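What follows is a short report on a single structure.
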Amino acid sequence: MGPEPTDSWGDAGLLSAEQERVGRLRPESWRPDPSPLVVAAAFVAFAPGEAGPGHAGDRAWVGAVAVREGMVTGSRTAPPVPGVVVRGHAGGRYVPGLLAVREGAMTVKALAALEARVGRPDVVMLDATGRDHPRRCGLAVHVGWVLDVPTIGVTHRLLTDRDRPVPALDRRGQAEPINIDGEAVAAWVCTADGARPVVVHAGWRTDVGVAVEVALRTSDVVRTPEPLREARRLAREARSMAGGGWDGYGPAL
């Protein structure tokens, strides 16, 4: 993944302008192959007391993993999931629509380090929105453009319409599309029987249908798709190993 040059991550004004430009792009959607997918994911875990809106300079551990579709993870008998951990600092406090200021640079760094270790994934999954964004360029879209890789987002709620009621979906595979100004940007999706639906977002080079397919192909009995769960686990374990300190955790895994 060769990153596009960008100096916008730490500057809200530059970022907004770049979001406007990238959000107008509509590249041809990538289509998943029927063979098992390799799905990368990244998750940012902030130091205790520094989550939430936070501040510039907050300490974070970014876990990035590559999960092959069909892998069984999370048990002692399961094979280890390839991954890296990158330590970083928030570029600023969280402002809705400008998550890239806070997390963008270190997320890109972690995913680039992952590719250098295990190779290029088919698609990247992030805990972030995509086209569900005032400028149609949430972090999932922006990171995909920077790294030139298809992306999707998986979140627990919408960004642009937070008061929209959660639909009553409780059977795995049920989905309800989400449109903004006539454009399909995401969908509520039930990823596990009996679980509350998540929001699955179209990202860079993915449409809503593709995003939903990837989310369902990488989830089964729990709500959060497996790649994102593994990235979250890795980031939180690294934070825990640091014991709340910055120097307690050494090189990336």
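Here's how to read the names in the structure tokens: chain A, B, ... by the order shown, residue numbers from 1 in each chain, ligand numbers from 1 in the order shown.
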
Who sits within 7 Å of Arg59 (chain A), only C-alpha atoms, same chain under 6 positions skipped, as a list in words: Phe46, Ala47, Gly88, His89 and Ala90 of chain A

Since we have the selection now, will you write its residues out, keeping N, CA and C atoms, as a PDB file, in the first residue's frame?
ATOM      1  N   PHE A  46      -6.902   4.165  23.535  1.00  0.00           N
ATOM      2  CA  PHE A  46      -6.231   5.270  24.206  1.00  0.00           C
ATOM      3  C   PHE A  46      -5.872   4.911  25.639  1.00  0.00           C
ATOM      4  N   ALA A  47      -4.895   5.613  26.178  1.00  0.00           N
ATOM      5  CA  ALA A  47      -4.462   5.400  27.557  1.00  0.00           C
ATOM      6  C   ALA A  47      -5.613   5.678  28.516  1.00  0.00           C
ATOM      7  N   GLY A  88       1.215   5.691  19.312  1.00  0.00           N
ATOM      8  CA  GLY A  88       1.073   6.999  18.691  1.00  0.00           C
ATOM      9  C   GLY A  88       0.487   8.008  19.647  1.00  0.00           C
ATOM     10  N   HIS A  89       0.371   9.220  19.160  1.00  0.00           N
ATOM     11  CA  HIS A  89      -0.239  10.310  19.915  1.00  0.00           C
ATOM     12  C   HIS A  89      -1.368  10.922  19.091  1.00  0.00           C
ATOM     13  N   ALA A  90      -2.453  11.261  19.765  1.00  0.00           N
ATOM     14  CA  ALA A  90      -3.584  11.885  19.073  1.00  0.00           C
ATOM     15  C   ALA A  90      -3.167  13.229  18.492  1.00  0.00           C
TER      16      ALA A  90
END

Residue contacts of Ala186 (chain A) (8 Å, only C-alpha atoms) excluding same-chain residues fewer than 5 positions away, as a list in words: Arg131, Asp132, Pro177, Ile178, Asn179, Val199, Val200, His201, Ala202 and Val208 of chain A

Excluding same-chain residues fewer than 4 positions from Ala40 (chain A), what lies within 7 Å of it counting only C-alpha atoms, as a compact mmCIF listing (two decimals) with N, CA and C atoms, in the first residue's frame?
# COMPACT_ATOMS: atom_id res chain seq x y z
N ALA A 64 -3.25 -3.62 14.71
CA ALA A 64 -3.63 -3.90 13.32
C ALA A 64 -3.38 -5.39 13.06
N VAL A 65 -4.38 -6.05 12.51
CA VAL A 65 -4.29 -7.49 12.28
C VAL A 65 -4.74 -7.83 10.87
N ALA A 66 -4.37 -9.04 10.44
CA ALA A 66 -4.84 -9.59 9.17
C ALA A 66 -5.50 -10.93 9.47
N VAL A 67 -6.78 -11.04 9.17
CA VAL A 67 -7.55 -12.26 9.47
C VAL A 67 -8.03 -12.87 8.15
N PRO A 121 -3.63 -6.85 2.18
CA PRO A 121 -4.93 -7.49 2.39
C PRO A 121 -5.86 -7.24 1.21
N VAL A 123 -9.04 -6.22 1.78
CA VAL A 123 -9.87 -5.11 2.21
C VAL A 123 -9.52 -4.79 3.65
N VAL A 124 -9.73 -3.54 4.04
CA VAL A 124 -9.44 -3.08 5.40
C VAL A 124 -10.74 -2.69 6.09
N MET A 125 -10.87 -3.07 7.35
CA MET A 125 -12.05 -2.77 8.17
C MET A 125 -11.63 -1.84 9.31
N PRO A 227 -12.22 -9.55 12.37
CA PRO A 227 -11.00 -8.74 12.25
C PRO A 227 -10.97 -7.56 13.21

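Take CA of Arg162 (chain A) and CA of Asp220 (chain A): the distance between them is 26.4 Å.
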
Long-range neighbours of Gly23 (chain A) as a VMD selection string, 12 Å cut-off, only C-alpha atoms, 5 positions minimum in chain: chain A and resid 15 to 18 130 to 145 185 202 to 205

Contact residues around Glu226 (chain A) with only C-alpha atoms at 12 Å, ignoring same-chain residues under 2 positions, as JSON, numbers by chain: {"A": [38, 39, 40, 41, 42, 65, 66, 67, 68, 69, 70, 71, 72, 73, 74, 81, 125, 126, 154, 191, 192, 214, 215, 216, 217, 218, 219, 220, 221, 222, 223, 224, 228, 229, 230, 231, 232, 233]}

Sel. of strand (DSSP E) residues, region 32-171 of chain A, as a VMD selection string: chain A and resid 38 to 46 59 to 68 83 to 89 123 to 126 151 to 155

Selection export as a CSV table (one decimal), in the first residue's frame, atoms kept: N, CA and C atoms:
chain,number,residue,atom,x,y,z
A,38,VAL,N,-8.8,-12.1,2.9
A,38,VAL,CA,-7.8,-11.6,3.9
A,38,VAL,C,-8.2,-10.2,4.3
A,39,VAL,N,-8.7,-10.0,5.5
A,39,VAL,CA,-9.3,-8.7,5.9
A,39,VAL,C,-8.4,-8.2,7.0
A,40,ALA,N,-7.8,-7.0,6.7
A,40,ALA,CA,-7.1,-6.3,7.7
A,40,ALA,C,-8.0,-5.4,8.5
A,41,ALA,N,-7.6,-5.1,9.8
A,41,ALA,CA,-8.4,-4.2,10.6
A,41,ALA,C,-7.5,-3.5,11.5
A,42,ALA,N,-7.9,-2.3,11.9
A,42,ALA,CA,-7.1,-1.5,12.9
A,42,ALA,C,-8.0,-0.9,13.9
A,43,PHE,N,-7.5,-0.8,15.2
A,43,PHE,CA,-8.3,-0.3,16.3
A,43,PHE,C,-7.4,0.5,17.2
A,44,VAL,N,-7.9,1.7,17.6
A,44,VAL,CA,-7.1,2.6,18.4
A,44,VAL,C,-7.6,2.5,19.9
A,45,ALA,N,-6.7,2.2,20.8
A,45,ALA,CA,-7.0,2.1,22.2
A,45,ALA,C,-6.2,3.2,22.9
A,46,PHE,N,-6.9,4.2,23.5
A,46,PHE,CA,-6.2,5.3,24.2
A,46,PHE,C,-5.9,4.9,25.6
A,59,ARG,N,-2.0,9.6,24.5
A,59,ARG,CA,-1.3,8.4,24.1
A,59,ARG,C,-2.2,7.3,23.7
A,60,ALA,N,-1.8,6.5,22.7
A,60,ALA,CA,-2.6,5.5,22.1
A,60,ALA,C,-1.8,4.3,21.6
A,61,TRP,N,-2.4,3.1,21.6
A,61,TRP,CA,-1.9,1.9,21.0
A,61,TRP,C,-2.8,1.5,19.9
A,62,VAL,N,-2.3,1.3,18.7
A,62,VAL,CA,-3.0,0.9,17.6
A,62,VAL,C,-2.7,-0.5,17.2
A,63,GLY,N,-3.7,-1.4,17.4
A,63,GLY,CA,-3.6,-2.8,17.0
A,63,GLY,C,-4.0,-2.9,15.5
A,64,ALA,N,-3.2,-3.6,14.7
A,64,ALA,CA,-3.6,-3.9,13.3
A,64,ALA,C,-3.4,-5.4,13.1
A,65,VAL,N,-4.4,-6.0,12.5
A,65,VAL,CA,-4.3,-7.5,12.3
A,65,VAL,C,-4.7,-7.8,10.9
A,66,ALA,N,-4.4,-9.0,10.4
A,66,ALA,CA,-4.8,-9.6,9.2
A,66,ALA,C,-5.5,-10.9,9.5
A,67,VAL,N,-6.8,-11.0,9.2
A,67,VAL,CA,-7.5,-12.3,9.5
A,67,VAL,C,-8.0,-12.9,8.2
A,68,ARG,N,-7.7,-14.1,8.0
A,68,ARG,CA,-8.2,-14.8,6.8
A,68,ARG,C,-9.7,-15.3,7.1
A,83,GLY,N,-0.2,-9.8,13.4
A,83,GLY,CA,-0.6,-8.4,13.8
A,83,GLY,C,0.6,-7.6,14.2
A,84,VAL,N,0.4,-6.3,14.3
A,84,VAL,CA,1.4,-5.4,14.8
A,84,VAL,C,0.7,-4.4,15.8
A,85,VAL,N,1.5,-3.8,16.6
A,85,VAL,CA,1.1,-2.7,17.5
A,85,VAL,C,2.0,-1.5,17.3
A,86,VAL,N,1.3,-0.4,17.1
A,86,VAL,CA,2.1,0.9,16.9
A,86,VAL,C,1.6,1.9,17.9
A,87,ARG,N,2.6,2.5,18.6
A,87,ARG,CA,2.2,3.5,19.6
A,87,ARG,C,2.2,4.9,18.9
A,88,GLY,N,1.2,5.7,19.3
A,88,GLY,CA,1.1,7.0,18.7
A,88,GLY,C,0.5,8.0,19.6
A,89,HIS,N,0.4,9.2,19.2
A,89,HIS,CA,-0.2,10.3,19.9
A,89,HIS,C,-1.4,10.9,19.1
A,123,VAL,N,-9.0,-6.2,1.8
A,123,VAL,CA,-9.9,-5.1,2.2
A,123,VAL,C,-9.5,-4.8,3.6
A,124,VAL,N,-9.7,-3.5,4.0
A,124,VAL,CA,-9.4,-3.1,5.4
A,124,VAL,C,-10.7,-2.7,6.1
A,125,MET,N,-10.9,-3.1,7.4
A,125,MET,CA,-12.0,-2.8,8.2
A,125,MET,C,-11.6,-1.8,9.3
A,126,LEU,N,-12.4,-0.8,9.5
A,126,LEU,CA,-12.1,0.2,10.6
A,126,LEU,C,-13.3,0.5,11.4
A,151,THR,N,-11.9,-0.3,1.6
A,151,THR,CA,-12.1,-0.2,3.0
A,151,THR,C,-13.6,-0.3,3.3
A,152,ILE,N,-14.0,-0.7,4.5
A,152,ILE,CA,-15.3,-0.6,5.0
A,152,ILE,C,-15.2,-0.1,6.4
A,153,GLY,N,-16.3,0.4,6.9
A,153,GLY,CA,-16.4,0.8,8.3
A,153,GLY,C,-17.5,0.0,9.1
A,154,VAL,N,-17.2,-0.2,10.3
A,154,VAL,CA,-18.2,-0.8,11.2
A,154,VAL,C,-18.3,-0.1,12.5
A,155,THR,N,-19.5,0.5,12.8
A,155,THR,CA,-19.7,1.3,14.0
A,155,THR,C,-21.0,0.9,14.7

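Pairwise distance (CA of Leu25 (chain A), CA of Arg93 (chain A)) equals 27.3 Å.
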
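Within the 10 Å cut-off around Glu176 (chain A), using only C-alpha atoms and omitting residues fewer than 5 positions from it on the same chain, the listed residues are Val166, Pro167, Ala168, Leu169, Ala186, Ala187, Trp188, Val189, Cys190, Pro197 and Val199 of chain A.
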
Take the selection from the previous step and output its residues with N, CA and C atoms, as a short mmCIF file (atom, residue, chain, number, x, y, z; two decimals), in the first residue's frame.
data_model
loop_
_atom_site.label_atom_id
_atom_site.label_comp_id
_atom_site.auth_asym_id
_atom_site.auth_seq_id
_atom_site.Cartn_x
_atom_site.Cartn_y
_atom_site.Cartn_z
N VAL A 166 -32.82 2.73 16.00
CA VAL A 166 -32.22 1.46 15.59
C VAL A 166 -33.33 0.50 15.17
N PRO A 167 -33.24 -0.05 13.97
CA PRO A 167 -34.31 -0.95 13.51
C PRO A 167 -34.32 -2.27 14.28
N ALA A 168 -35.47 -2.90 14.28
CA ALA A 168 -35.63 -4.18 14.99
C ALA A 168 -35.15 -5.32 14.11
N LEU A 169 -33.85 -5.48 14.02
CA LEU A 169 -33.25 -6.57 13.25
C LEU A 169 -32.60 -7.52 14.25
N ALA A 186 -24.70 3.42 3.86
CA ALA A 186 -24.44 2.44 4.90
C ALA A 186 -25.68 1.56 5.04
N ALA A 187 -25.61 0.64 6.00
CA ALA A 187 -26.77 -0.20 6.29
C ALA A 187 -26.68 -0.67 7.74
N TRP A 188 -27.85 -0.75 8.38
CA TRP A 188 -27.94 -1.48 9.64
C TRP A 188 -27.88 -2.95 9.29
N VAL A 189 -27.06 -3.72 10.00
CA VAL A 189 -26.90 -5.14 9.70
C VAL A 189 -26.87 -5.93 10.99
N CYS A 190 -27.65 -7.00 11.04
CA CYS A 190 -27.58 -7.95 12.15
C CYS A 190 -26.54 -9.00 11.79
N PRO A 197 -28.14 -4.73 15.93
CA PRO A 197 -27.44 -4.50 14.65
C PRO A 197 -26.33 -3.47 14.77
N VAL A 199 -23.81 -0.69 12.35
CA VAL A 199 -23.85 0.08 11.11
C VAL A 199 -22.63 -0.30 10.28
#

DSSP-assigned alpha helix (DSSP H) among region 98-226 of chain A, expressed as an NGL selection string: :A and (99-118 or 139-147 or 208-217 or 226)

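With CA of Val198 (chain A) on one side and CA of His156 (chain A) on the other, the separation reads 5.0 Å.
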
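Of the listed residues A:Asp163, A:Leu99, A:Gln174, A:Ser29, the one whose atoms come nearest to Val149 (chain A) is A:Ser29, with distances taken using only C-alpha atoms.
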